[in-house]
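The data block below is query-v7.pdb; it holds PDB, C-alpha atoms, pLDDT in the B column.
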```
ATOM      1  CA  MET A   1     -26.328  -8.437   9.715  1.00 37.00           C
ATOM      2  CA  SER A   2     -23.918  -9.562   6.968  1.00 42.00           C
ATOM      3  CA  PHE A   3     -21.538  -7.193   5.225  1.00 53.00           C
ATOM      4  CA  SER A   4     -20.058  -7.537   1.749  1.00 67.00           C
ATOM      5  CA  PRO A   5     -16.282  -7.873   2.042  1.00 79.00           C
ATOM      6  CA  LEU A   6     -14.363  -4.634   1.734  1.00 88.00           C
ATOM      7  CA  LYS A   7     -11.964  -4.623  -1.233  1.00 94.00           C
ATOM      8  CA  VAL A   8      -8.818  -2.841  -0.080  1.00 97.00           C
ATOM      9  CA  ALA A   9      -5.623  -1.689  -1.811  1.00 98.00           C
ATOM     10  CA  VAL A  10      -2.522  -0.366  -0.043  1.00 98.00           C
ATOM     11  CA  VAL A  11       0.034   1.647  -2.021  1.00 98.00           C
ATOM     12  CA  CYS A  12       3.543   2.815  -1.116  1.00 98.00           C
ATOM     13  CA  MET A  13       6.339   3.794  -3.503  1.00 97.00           C
ATOM     14  CA  SER A  14       8.038   0.425  -4.168  1.00 97.00           C
ATOM     15  CA  ASN A  15       5.545  -2.222  -2.874  1.00 98.00           C
ATOM     16  CA  MET A  16       8.291  -3.368  -0.548  1.00 97.00           C
ATOM     17  CA  ASN A  17       7.931  -2.357   3.106  1.00 96.00           C
ATOM     18  CA  ARG A  18       4.894  -0.292   4.143  1.00 97.00           C
ATOM     19  CA  SER A  19       2.273  -1.593   1.696  1.00 98.00           C
ATOM     20  CA  MET A  20       3.471  -5.178   2.198  1.00 98.00           C
ATOM     21  CA  GLU A  21       3.331  -4.923   5.999  1.00 97.00           C
ATOM     22  CA  ALA A  22      -0.264  -3.674   5.705  1.00 97.00           C
ATOM     23  CA  HIS A  23      -1.002  -6.416   3.140  1.00 98.00           C
ATOM     24  CA  SER A  24       0.294  -9.036   5.584  1.00 97.00           C
ATOM     25  CA  ILE A  25      -1.724  -7.728   8.553  1.00 97.00           C
ATOM     26  CA  LEU A  26      -4.960  -7.204   6.584  1.00 97.00           C
ATOM     27  CA  ARG A  27      -4.715 -10.634   4.968  1.00 96.00           C
ATOM     28  CA  LYS A  28      -4.343 -12.276   8.386  1.00 95.00           C
ATOM     29  CA  LYS A  29      -7.528 -10.429   9.452  1.00 94.00           C
ATOM     30  CA  GLY A  30      -9.408 -11.868   6.464  1.00 93.00           C
ATOM     31  CA  PHE A  31      -9.672  -8.760   4.287  1.00 94.00           C
ATOM     32  CA  SER A  32      -9.656  -8.889   0.486  1.00 96.00           C
ATOM     33  CA  VAL A  33      -6.429  -6.919  -0.029  1.00 97.00           C
ATOM     34  CA  ARG A  34      -3.877  -6.163  -2.723  1.00 98.00           C
ATOM     35  CA  SER A  35      -0.748  -4.041  -2.463  1.00 98.00           C
ATOM     36  CA  PHE A  36       1.107  -1.891  -4.956  1.00 98.00           C
ATOM     37  CA  GLY A  37       3.919   0.561  -5.574  1.00 98.00           C
ATOM     38  CA  ALA A  38       3.393   3.877  -7.338  1.00 98.00           C
ATOM     39  CA  GLY A  39       7.003   4.527  -8.372  1.00 97.00           C
ATOM     40  CA  SER A  40       8.588   3.793 -11.741  1.00 96.00           C
ATOM     41  CA  ARG A  41      11.124   1.355 -10.233  1.00 97.00           C
ATOM     42  CA  VAL A  42      11.624  -0.560  -6.985  1.00 97.00           C
ATOM     43  CA  ARG A  43      14.266   1.235  -4.936  1.00 96.00           C
ATOM     44  CA  LEU A  44      16.024  -0.359  -1.956  1.00 95.00           C
ATOM     45  CA  PRO A  45      18.735   1.068   0.303  1.00 91.00           C
ATOM     46  CA  GLY A  46      22.175   0.636  -1.234  1.00 87.00           C
ATOM     47  CA  THR A  47      25.725   1.268  -0.071  1.00 80.00           C
ATOM     48  CA  ALA A  48      25.000   4.988   0.348  1.00 78.00           C
ATOM     49  CA  ARG A  49      21.861   7.075   0.829  1.00 75.00           C
ATOM     50  CA  ASN A  50      22.090   8.488  -2.704  1.00 80.00           C
ATOM     51  CA  LEU A  51      22.968   5.095  -4.265  1.00 89.00           C
ATOM     52  CA  PRO A  52      19.863   2.902  -4.024  1.00 92.00           C
ATOM     53  CA  VAL A  53      19.659  -0.599  -5.472  1.00 95.00           C
ATOM     54  CA  VAL A  54      17.074  -0.393  -8.272  1.00 97.00           C
ATOM     55  CA  TYR A  55      14.953  -3.172  -9.771  1.00 98.00           C
ATOM     56  CA  ASP A  56      12.149  -3.339 -12.329  1.00 97.00           C
ATOM     57  CA  PHE A  57       8.712  -4.205 -10.965  1.00 98.00           C
ATOM     58  CA  SER A  58       8.922  -7.428 -13.003  1.00 97.00           C
ATOM     59  CA  THR A  59      11.758  -8.684 -10.743  1.00 98.00           C
ATOM     60  CA  THR A  60      10.499 -11.207  -8.176  1.00 98.00           C
ATOM     61  CA  TYR A  61      11.119 -10.775  -4.463  1.00 98.00           C
ATOM     62  CA  GLU A  62      13.082 -14.044  -4.542  1.00 98.00           C
ATOM     63  CA  GLN A  63      15.368 -12.731  -7.294  1.00 98.00           C
ATOM     64  CA  MET A  64      15.979  -9.522  -5.311  1.00 98.00           C
ATOM     65  CA  ARG A  65      16.686 -11.463  -2.112  1.00 98.00           C
ATOM     66  CA  LYS A  66      19.193 -13.768  -3.828  1.00 98.00           C
ATOM     67  CA  ASP A  67      20.870 -10.850  -5.636  1.00 97.00           C
ATOM     68  CA  LEU A  68      21.317  -8.826  -2.439  1.00 97.00           C
ATOM     69  CA  ALA A  69      22.483 -11.856  -0.431  1.00 97.00           C
ATOM     70  CA  ARG A  70      25.118 -12.472  -3.107  1.00 96.00           C
ATOM     71  CA  LYS A  71      26.209  -8.806  -3.111  1.00 94.00           C
ATOM     72  CA  ASP A  72      26.454  -8.296   0.670  1.00 94.00           C
ATOM     73  CA  ARG A  73      24.547 -10.724   2.901  1.00 95.00           C
ATOM     74  CA  GLU A  74      25.742  -9.091   6.132  1.00 95.00           C
ATOM     75  CA  ARG A  75      24.651  -5.572   5.140  1.00 94.00           C
ATOM     76  CA  TYR A  76      21.213  -6.608   3.899  1.00 95.00           C
ATOM     77  CA  THR A  77      20.624  -8.889   6.880  1.00 96.00           C
ATOM     78  CA  SER A  78      21.531  -6.182   9.396  1.00 94.00           C
ATOM     79  CA  ASN A  79      19.354  -3.512   7.757  1.00 92.00           C
ATOM     80  CA  GLY A  80      16.385  -5.916   7.610  1.00 94.00           C
ATOM     81  CA  ILE A  81      15.976  -5.962   3.816  1.00 95.00           C
ATOM     82  CA  LEU A  82      16.465  -9.733   3.448  1.00 97.00           C
ATOM     83  CA  HIS A  83      13.870 -10.313   6.178  1.00 96.00           C
ATOM     84  CA  ILE A  84      11.387  -7.988   4.404  1.00 97.00           C
ATOM     85  CA  LEU A  85      11.967  -9.741   1.074  1.00 98.00           C
ATOM     86  CA  GLY A  86      11.447 -13.143   2.695  1.00 97.00           C
ATOM     87  CA  ARG A  87       8.121 -11.983   4.157  1.00 97.00           C
ATOM     88  CA  ASN A  88       7.075 -10.522   0.814  1.00 98.00           C
ATOM     89  CA  GLU A  89       7.826 -13.805  -0.999  1.00 97.00           C
ATOM     90  CA  ARG A  90       5.364 -15.575   1.293  1.00 97.00           C
ATOM     91  CA  ILE A  91       2.607 -13.124   0.299  1.00 97.00           C
ATOM     92  CA  LYS A  92       3.036 -12.831  -3.486  1.00 98.00           C
ATOM     93  CA  PRO A  93       5.707 -13.411  -6.148  1.00 98.00           C
ATOM     94  CA  ARG A  94       6.701  -9.862  -7.065  1.00 98.00           C
ATOM     95  CA  PRO A  95       5.922  -6.167  -6.559  1.00 98.00           C
ATOM     96  CA  GLU A  96       3.110  -4.624  -8.619  1.00 98.00           C
ATOM     97  CA  ARG A  97       2.588  -1.090  -9.948  1.00 98.00           C
ATOM     98  CA  PHE A  98      -0.714   0.578  -9.107  1.00 97.00           C
ATOM     99  CA  GLN A  99      -0.743   2.292 -12.508  1.00 95.00           C
ATOM    100  CA  GLU A 100      -0.988  -1.110 -14.229  1.00 95.00           C
ATOM    101  CA  CYS A 101      -3.974  -2.374 -12.217  1.00 94.00           C
ATOM    102  CA  ARG A 102      -7.594  -1.976 -13.304  1.00 89.00           C
ATOM    103  CA  ASP A 103      -9.227  -3.853 -10.433  1.00 91.00           C
ATOM    104  CA  ARG A 104     -11.979  -2.125  -8.491  1.00 89.00           C
ATOM    105  CA  PHE A 105     -11.459  -1.271  -4.816  1.00 93.00           C
ATOM    106  CA  ASP A 106     -13.733   0.195  -2.151  1.00 90.00           C
ATOM    107  CA  VAL A 107     -10.827   1.824  -0.322  1.00 92.00           C
ATOM    108  CA  ILE A 108      -7.276   2.652  -1.420  1.00 95.00           C
ATOM    109  CA  PHE A 109      -4.803   3.479   1.367  1.00 96.00           C
ATOM    110  CA  THR A 110      -1.581   5.321   0.565  1.00 96.00           C
ATOM    111  CA  CYS A 111       1.454   5.526   2.853  1.00 95.00           C
ATOM    112  CA  GLU A 112       2.732   9.046   2.125  1.00 94.00           C
ATOM    113  CA  GLU A 113       1.408  12.227   0.541  1.00 94.00           C
ATOM    114  CA  SER A 114       3.466  11.928  -2.678  1.00 96.00           C
ATOM    115  CA  VAL A 115       2.035   8.417  -3.240  1.00 97.00           C
ATOM    116  CA  TYR A 116      -1.474   9.737  -2.521  1.00 95.00           C
ATOM    117  CA  ASP A 117      -0.911  12.407  -5.207  1.00 94.00           C
ATOM    118  CA  ARG A 118       0.203   9.765  -7.746  1.00 95.00           C
ATOM    119  CA  VAL A 119      -2.810   7.553  -7.008  1.00 95.00           C
ATOM    120  CA  ILE A 120      -5.218  10.494  -7.380  1.00 92.00           C
ATOM    121  CA  GLU A 121      -3.495  11.551 -10.614  1.00 91.00           C
ATOM    122  CA  GLU A 122      -3.833   8.009 -11.987  1.00 91.00           C
ATOM    123  CA  LEU A 123      -7.519   7.770 -11.054  1.00 88.00           C
ATOM    124  CA  TRP A 124      -8.302  11.116 -12.688  1.00 85.00           C
ATOM    125  CA  ALA A 125      -6.386  10.063 -15.832  1.00 82.00           C
ATOM    126  CA  GLN A 126      -8.697   7.085 -16.314  1.00 76.00           C
ATOM    127  CA  GLU A 127     -11.539   8.184 -18.519  1.00 60.00           C
ATOM    128  CA  GLN A 128     -14.441   5.737 -18.317  1.00 55.00           C
ATOM    129  CA  GLU A 129     -17.082   6.375 -15.696  1.00 52.00           C
ATOM    130  CA  THR A 130     -18.754   3.979 -13.344  1.00 53.00           C
ATOM    131  CA  CYS A 131     -21.110   4.724 -10.508  1.00 54.00           C
ATOM    132  CA  GLN A 132     -18.772   2.866  -8.151  1.00 67.00           C
ATOM    133  CA  PRO A 133     -17.125   5.236  -5.659  1.00 77.00           C
ATOM    134  CA  VAL A 134     -13.601   4.699  -4.388  1.00 85.00           C
ATOM    135  CA  HIS A 135     -12.252   6.216  -1.180  1.00 87.00           C
ATOM    136  CA  VAL A 136      -8.570   7.194  -1.206  1.00 91.00           C
ATOM    137  CA  ILE A 137      -7.091   7.643   2.267  1.00 90.00           C
ATOM    138  CA  ASN A 138      -3.534   8.641   3.139  1.00 92.00           C
ATOM    139  CA  VAL A 139      -1.985   7.323   6.357  1.00 91.00           C
ATOM    140  CA  ASP A 140       1.493   8.876   6.557  1.00 91.00           C
ATOM    141  CA  MET A 141       4.193   6.498   7.771  1.00 91.00           C
ATOM    142  CA  ASP A 142       7.961   6.665   7.615  1.00 92.00           C
ATOM    143  CA  ASP A 143       9.637   3.999   5.495  1.00 92.00           C
ATOM    144  CA  ASN A 144      11.067   1.974   8.375  1.00 92.00           C
ATOM    145  CA  ALA A 145       9.963  -1.275  10.010  1.00 90.00           C
ATOM    146  CA  GLU A 146       8.565   0.266  13.207  1.00 92.00           C
ATOM    147  CA  ASP A 147       6.442   2.966  11.546  1.00 92.00           C
ATOM    148  CA  ALA A 148       5.317   0.536   8.834  1.00 94.00           C
ATOM    149  CA  THR A 149       3.901  -1.760  11.529  1.00 94.00           C
ATOM    150  CA  LEU A 150       2.289   1.095  13.472  1.00 92.00           C
ATOM    151  CA  GLY A 151       0.766   2.614  10.319  1.00 91.00           C
ATOM    152  CA  SER A 152      -0.454  -0.792   9.141  1.00 94.00           C
ATOM    153  CA  LEU A 153      -2.230  -1.400  12.450  1.00 92.00           C
ATOM    154  CA  ILE A 154      -3.972   1.980  12.045  1.00 90.00           C
ATOM    155  CA  ILE A 155      -5.030   0.981   8.501  1.00 93.00           C
ATOM    156  CA  CYS A 156      -6.330  -2.347   9.819  1.00 93.00           C
ATOM    157  CA  GLU A 157      -8.363  -0.638  12.546  1.00 89.00           C
ATOM    158  CA  LEU A 158      -9.831   1.801   9.994  1.00 88.00           C
ATOM    159  CA  CYS A 159     -10.738  -1.123   7.715  1.00 90.00           C
ATOM    160  CA  GLU A 160     -12.495  -2.917  10.568  1.00 89.00           C
ATOM    161  CA  CYS A 161     -14.533   0.223  11.339  1.00 85.00           C
ATOM    162  CA  LEU A 162     -15.391   0.795   7.663  1.00 85.00           C
ATOM    163  CA  GLN A 163     -16.346  -2.877   7.220  1.00 85.00           C
ATOM    164  CA  GLN A 164     -18.862  -2.606  10.068  1.00 82.00           C
ATOM    165  CA  ALA A 165     -20.328   0.775   9.075  1.00 77.00           C
ATOM    166  CA  GLU A 166     -23.870   0.536   7.698  1.00 74.00           C
ATOM    167  CA  ASP A 167     -23.314   3.764   5.742  1.00 72.00           C
ATOM    168  CA  MET A 168     -19.614   4.017   4.918  1.00 68.00           C
ATOM    169  CA  GLU A 169     -19.764   7.451   3.286  1.00 69.00           C
ATOM    170  CA  GLY A 170     -21.977   8.871   6.021  1.00 67.00           C
ATOM    171  CA  SER A 171     -19.745   7.655   8.844  1.00 70.00           C
ATOM    172  CA  LEU A 172     -16.356   8.604   7.359  1.00 71.00           C
ATOM    173  CA  ALA A 173     -16.073  12.094   8.881  1.00 70.00           C
ATOM    174  CA  GLU A 174     -16.876  10.860  12.390  1.00 73.00           C
ATOM    175  CA  LEU A 175     -14.579   7.841  11.983  1.00 76.00           C
ATOM    176  CA  PHE A 176     -11.598   9.928  10.920  1.00 72.00           C
ATOM    177  CA  LEU A 177     -12.103  12.547  13.627  1.00 72.00           C
ATOM    178  CA  ALA A 178     -12.018   9.721  16.180  1.00 74.00           C
ATOM    179  CA  ALA A 179      -8.932   8.197  14.528  1.00 70.00           C
ATOM    180  CA  GLU A 180      -7.127  11.556  14.496  1.00 71.00           C
ATOM    181  CA  ARG A 181      -7.882  12.067  18.206  1.00 73.00           C
ATOM    182  CA  LYS A 182      -6.700   8.538  19.051  1.00 74.00           C
ATOM    183  CA  THR A 183      -3.515   8.424  16.945  1.00 70.00           C
ATOM    184  CA  GLY A 184      -2.485  12.088  16.812  1.00 69.00           C
ATOM    185  CA  ARG A 185      -2.177  11.712  13.024  1.00 68.00           C
ATOM    186  CA  SER A 186      -4.082  13.570  10.347  1.00 66.00           C
ATOM    187  CA  PHE A 187      -5.438  11.834   7.267  1.00 66.00           C
ATOM    188  CA  LEU A 188      -5.970  12.910   3.667  1.00 62.00           C
ATOM    189  CA  LEU A 189      -9.237  11.598   2.258  1.00 63.00           C
ATOM    190  CA  LEU A 190     -10.860  11.759  -1.175  1.00 59.00           C
ATOM    191  CA  LEU A 191     -14.077  10.165  -2.386  1.00 58.00           C
ATOM    192  CA  LYS A 192     -13.787   9.724  -6.137  1.00 53.00           C
ATOM    193  CA  LYS A 193     -16.829   8.634  -8.105  1.00 47.00           C
ATOM    194  CA  ARG A 194     -15.223   8.587 -11.557  1.00 42.00           C
ATOM    195  CA  ALA A 195     -12.967   5.586 -11.863  1.00 39.00           C
ATOM    196  CA  ASN A 196     -12.127   3.335 -14.776  1.00 43.00           C
ATOM    197  CA  TYR A 197     -12.605  -0.049 -13.131  1.00 40.00           C
ATOM    198  CA  GLY A 198     -13.890  -2.800 -15.385  1.00 39.00           C
TER     199      GLY A 198
END
```

Rewrite the coordinates I just gave you, this time as structure tokens.
Amino acid sequence: MSFSPLKVAVVCMSNMNRSMEAHSILRKKGFSVRSFGAGSRVRLPGTARNLPVVYDFSTTYEQMRKDLARKDRERYTSNGILHILGRNERIKPRPERFQECRDRFDVIFTCEESVYDRVIEELWAQEQETCQPVHVINVDMDDNAEDATLGSLIICELCECLQQAEDMEGSLAELFLAAERKTGRSFLLLLKKRANYG
């Protein structure tokens, strides 16, 4: 039996760590995937917790990497940011905002509840109707390298199960109960049938 490829989006706040780790893993597994941020700006750790380094979404990963290396190469090497930016450059040129995308996806994964809320708000704000459903699933992960990898592997496993399901909507409840038992995590899930995807 052949399956049509699942179109997947992964969204975190800045399209920097969690969504890009999932993008990298899903791409290697052959999925049709895009990644996004849902924030208004890209925010990276700065010299203090309340002093982030802020970039526009139009800034490329290469520009960010060179800027941070010039400012403090040792700091941004030791906290892993230069490594993350280097990985991101190999995947795509720059971060993207979910609110500016009108592509259609079968499944949208979010990486924290506040991002899930922003994605749902954006989908409801779009007025045109299509009969194409979109599933929005939240997989909570902390914004650090270890949890980003663990959460991304969970997303990949869910995608593999959804890709193989003959009836995706019918098998979702059973799939997520099994995933919750296996991972000890709970998931937020919404099936939205009204989406403005051209």

Result set, the PyMOL selection byres ((chain A and resi 90) around 12) on current file, as a list in words: Met20, Glu21, His23, Ser24, Arg27, Thr60, Tyr61, Glu62, His83, Ile84, Leu85, Gly86, Arg87, Asn88, Glu89, Ile91, Lys92, Pro93 and Arg94 of chain A

Contacts between region 145-165 of chain A and region 3-71 of chain A, please, where a residue of region 3-71 of chain A counts if it comes within 8 Å (with all atoms listed in the file); show its shortest atom pair and distance in Å to one decimal, rows by chain and ascending number, as a tab-separated table.
```
residue	atom	partner	partner_atom	distance
A:Phe3	CA	A:Gln163	CA	7.0
A:Pro5	CA	A:Gln163	CA	7.2
A:Leu6	CA	A:Gln163	CA	6.1
A:Asn17	CA	A:Ala148	CA	6.9
A:Arg18	CA	A:Ala148	CA	4.8
A:Ser19	CA	A:Ser152	CA	8.0
A:Glu21	CA	A:Thr149	CA	6.4
A:Ala22	CA	A:Ser152	CA	4.5
A:Ile25	CA	A:Ser152	CA	7.1
A:Leu26	CA	A:Cys156	CA	6.0
```

State, in Å with one decimal place, the distance from CA of Glu112 (chain A) to CA of Val139 (chain A).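 A separation of 6.6 Å between them.
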
Return as a ChimeraX atom specification the set of residues that the PyMOL selection byres ((chain A and resi 140) around 7) yields on the displayed structure. /A:111-113,138-139,141-142

CA of Asp56 (chain A) and CA of Arg41 (chain A) are how many Å apart?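 Between CA of Asp56 (chain A) and CA of Arg41 (chain A) the gap works out to 5.2 Å.
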
I need the residue nearest Leu82 (chain A) from this list: A:Pro95, A:Val115, A:Ala69, A:Ala38. Use all atoms listed in the file for the distance.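 Distance minimum relative to Leu82 (chain A) lands on A:Ala69.
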
When you count all atoms listed in the file, which of these residues is closest to Asn144 (chain A): A:Phe57, A:Pro52, A:Gly80, A:Arg43?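 Counting all atoms listed in the file, the residue closest to Asn144 (chain A) is A:Gly80.
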
In Å, how far is it from CA of Cys12 (chain A) to CA of Tyr55 (chain A)?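 Spanning CA of Cys12 (chain A) to CA of Tyr55 (chain A) is a straight-line distance of 15.5 Å.
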
Near-Val119 (chain A) list (9 Å; all atoms listed in the file; drop same-chain fewer than 5 positions) as JSON, numbers by chain: {"A": [11, 38, 98, 99, 108, 110, 114, 124, 136]}

Quick one: axis-aligned box around all listed atoms of region 133-137 of chain A, 6 Å on every side, centre and edge lengths in Å to one decimal, written as AutoDock Vina command-line options.
```
--center_x -12.1 --center_y 6.2 --center_z -1.7 --size_x 22.0 --size_y 14.9 --size_z 19.9
```

Could you pull region 80-90 of chain A out of the block above and save it with all heavy atoms, as a PDB file, in the first residue's frame?
```
ATOM      1  N   GLY A  80      26.608  26.753  23.052  1.00  0.00           N
ATOM      2  CA  GLY A  80      26.073  25.950  21.955  1.00  0.00           C
ATOM      3  C   GLY A  80      25.361  26.720  20.863  1.00  0.00           C
ATOM      4  O   GLY A  80      24.918  26.131  19.867  1.00  0.00           O
ATOM      5  N   ILE A  81      25.237  28.043  21.000  1.00  0.00           N
ATOM      6  CA  ILE A  81      24.467  28.825  20.027  1.00  0.00           C
ATOM      7  C   ILE A  81      25.128  28.828  18.645  1.00  0.00           C
ATOM      8  O   ILE A  81      24.450  28.694  17.620  1.00  0.00           O
ATOM      9  CB  ILE A  81      24.252  30.276  20.517  1.00  0.00           C
ATOM     10  CG1 ILE A  81      23.442  30.288  21.816  1.00  0.00           C
ATOM     11  CG2 ILE A  81      23.548  31.119  19.452  1.00  0.00           C
ATOM     12  CD1 ILE A  81      22.032  29.746  21.716  1.00  0.00           C
ATOM     13  N   LEU A  82      26.452  28.941  18.594  1.00  0.00           N
ATOM     14  CA  LEU A  82      27.122  28.946  17.283  1.00  0.00           C
ATOM     15  C   LEU A  82      26.962  27.597  16.582  1.00  0.00           C
ATOM     16  O   LEU A  82      26.793  27.541  15.356  1.00  0.00           O
ATOM     17  CB  LEU A  82      28.607  29.300  17.423  1.00  0.00           C
ATOM     18  CG  LEU A  82      28.918  30.719  17.908  1.00  0.00           C
ATOM     19  CD1 LEU A  82      30.420  30.963  17.925  1.00  0.00           C
ATOM     20  CD2 LEU A  82      28.216  31.774  17.054  1.00  0.00           C
ATOM     21  N   HIS A  83      26.979  26.521  17.362  1.00  0.00           N
ATOM     22  CA  HIS A  83      26.752  25.185  16.791  1.00  0.00           C
ATOM     23  C   HIS A  83      25.336  25.083  16.210  1.00  0.00           C
ATOM     24  O   HIS A  83      25.139  24.586  15.095  1.00  0.00           O
ATOM     25  CB  HIS A  83      26.962  24.112  17.865  1.00  0.00           C
ATOM     26  CG  HIS A  83      26.534  22.757  17.434  1.00  0.00           C
ATOM     27  ND1 HIS A  83      27.275  21.969  16.572  1.00  0.00           N
ATOM     28  CD2 HIS A  83      25.415  22.043  17.724  1.00  0.00           C
ATOM     29  CE1 HIS A  83      26.641  20.833  16.352  1.00  0.00           C
ATOM     30  NE2 HIS A  83      25.512  20.852  17.047  1.00  0.00           N
ATOM     31  N   ILE A  84      24.342  25.565  16.970  1.00  0.00           N
ATOM     32  CA  ILE A  84      22.942  25.528  16.517  1.00  0.00           C
ATOM     33  C   ILE A  84      22.781  26.338  15.231  1.00  0.00           C
ATOM     34  O   ILE A  84      22.138  25.891  14.271  1.00  0.00           O
ATOM     35  CB  ILE A  84      22.007  26.060  17.633  1.00  0.00           C
ATOM     36  CG1 ILE A  84      21.879  25.011  18.742  1.00  0.00           C
ATOM     37  CG2 ILE A  84      20.629  26.434  17.082  1.00  0.00           C
ATOM     38  CD1 ILE A  84      21.156  25.509  19.981  1.00  0.00           C
ATOM     39  N   LEU A  85      23.388  27.525  15.197  1.00  0.00           N
ATOM     40  CA  LEU A  85      23.276  28.372  14.006  1.00  0.00           C
ATOM     41  C   LEU A  85      23.935  27.716  12.798  1.00  0.00           C
ATOM     42  O   LEU A  85      23.425  27.793  11.676  1.00  0.00           O
ATOM     43  CB  LEU A  85      23.876  29.744  14.276  1.00  0.00           C
ATOM     44  CG  LEU A  85      23.040  30.650  15.194  1.00  0.00           C
ATOM     45  CD1 LEU A  85      23.862  31.824  15.692  1.00  0.00           C
ATOM     46  CD2 LEU A  85      21.783  31.128  14.481  1.00  0.00           C
ATOM     47  N   GLY A  86      25.066  27.052  13.015  1.00  0.00           N
ATOM     48  CA  GLY A  86      25.733  26.342  11.930  1.00  0.00           C
ATOM     49  C   GLY A  86      24.858  25.229  11.367  1.00  0.00           C
ATOM     50  O   GLY A  86      24.761  25.057  10.139  1.00  0.00           O
ATOM     51  N   ARG A  87      24.220  24.460  12.263  1.00  0.00           N
ATOM     52  CA  ARG A  87      23.284  23.420  11.813  1.00  0.00           C
ATOM     53  C   ARG A  87      22.131  24.030  11.029  1.00  0.00           C
ATOM     54  O   ARG A  87      21.755  23.547   9.967  1.00  0.00           O
ATOM     55  CB  ARG A  87      22.735  22.646  13.019  1.00  0.00           C
ATOM     56  CG  ARG A  87      21.645  21.634  12.642  1.00  0.00           C
ATOM     57  CD  ARG A  87      20.684  21.339  13.770  1.00  0.00           C
ATOM     58  NE  ARG A  87      19.986  22.523  14.240  1.00  0.00           N
ATOM     59  CZ  ARG A  87      19.370  22.601  15.416  1.00  0.00           C
ATOM     60  NH1 ARG A  87      19.389  21.578  16.237  1.00  0.00           N
ATOM     61  NH2 ARG A  87      18.736  23.710  15.770  1.00  0.00           N
ATOM     62  N   ASN A  88      21.578  25.115  11.558  1.00  0.00           N
ATOM     63  CA  ASN A  88      20.431  25.750  10.900  1.00  0.00           C
ATOM     64  C   ASN A  88      20.778  26.228   9.490  1.00  0.00           C
ATOM     65  O   ASN A  88      19.972  26.078   8.563  1.00  0.00           O
ATOM     66  CB  ASN A  88      19.930  26.932  11.736  1.00  0.00           C
ATOM     67  CG  ASN A  88      19.355  26.498  13.075  1.00  0.00           C
ATOM     68  OD1 ASN A  88      19.251  25.304  13.364  1.00  0.00           O
ATOM     69  ND2 ASN A  88      18.978  27.456  13.892  1.00  0.00           N
ATOM     70  N   GLU A  89      21.970  26.793   9.332  1.00  0.00           N
ATOM     71  CA  GLU A  89      22.424  27.262   8.005  1.00  0.00           C
ATOM     72  C   GLU A  89      22.415  26.147   6.969  1.00  0.00           C
ATOM     73  O   GLU A  89      22.182  26.386   5.785  1.00  0.00           O
ATOM     74  CB  GLU A  89      23.864  27.781   8.095  1.00  0.00           C
ATOM     75  CG  GLU A  89      24.033  29.165   8.637  1.00  0.00           C
ATOM     76  CD  GLU A  89      25.520  29.515   8.657  1.00  0.00           C
ATOM     77  OE1 GLU A  89      26.120  29.636   7.572  1.00  0.00           O
ATOM     78  OE2 GLU A  89      26.078  29.651   9.762  1.00  0.00           O
ATOM     79  N   ARG A  90      22.718  24.924   7.424  1.00  0.00           N
ATOM     80  CA  ARG A  90      22.762  23.791   6.494  1.00  0.00           C
ATOM     81  C   ARG A  90      21.366  23.331   6.091  1.00  0.00           C
ATOM     82  O   ARG A  90      21.205  22.569   5.140  1.00  0.00           O
ATOM     83  CB  ARG A  90      23.552  22.628   7.117  1.00  0.00           C
ATOM     84  CG  ARG A  90      25.036  22.957   7.288  1.00  0.00           C
ATOM     85  CD  ARG A  90      25.844  21.754   7.725  1.00  0.00           C
ATOM     86  NE  ARG A  90      25.549  21.288   9.070  1.00  0.00           N
ATOM     87  CZ  ARG A  90      26.101  21.776  10.178  1.00  0.00           C
ATOM     88  NH1 ARG A  90      26.990  22.767  10.093  1.00  0.00           N
ATOM     89  NH2 ARG A  90      25.788  21.300  11.361  1.00  0.00           N
TER      90      ARG A  90
END
```
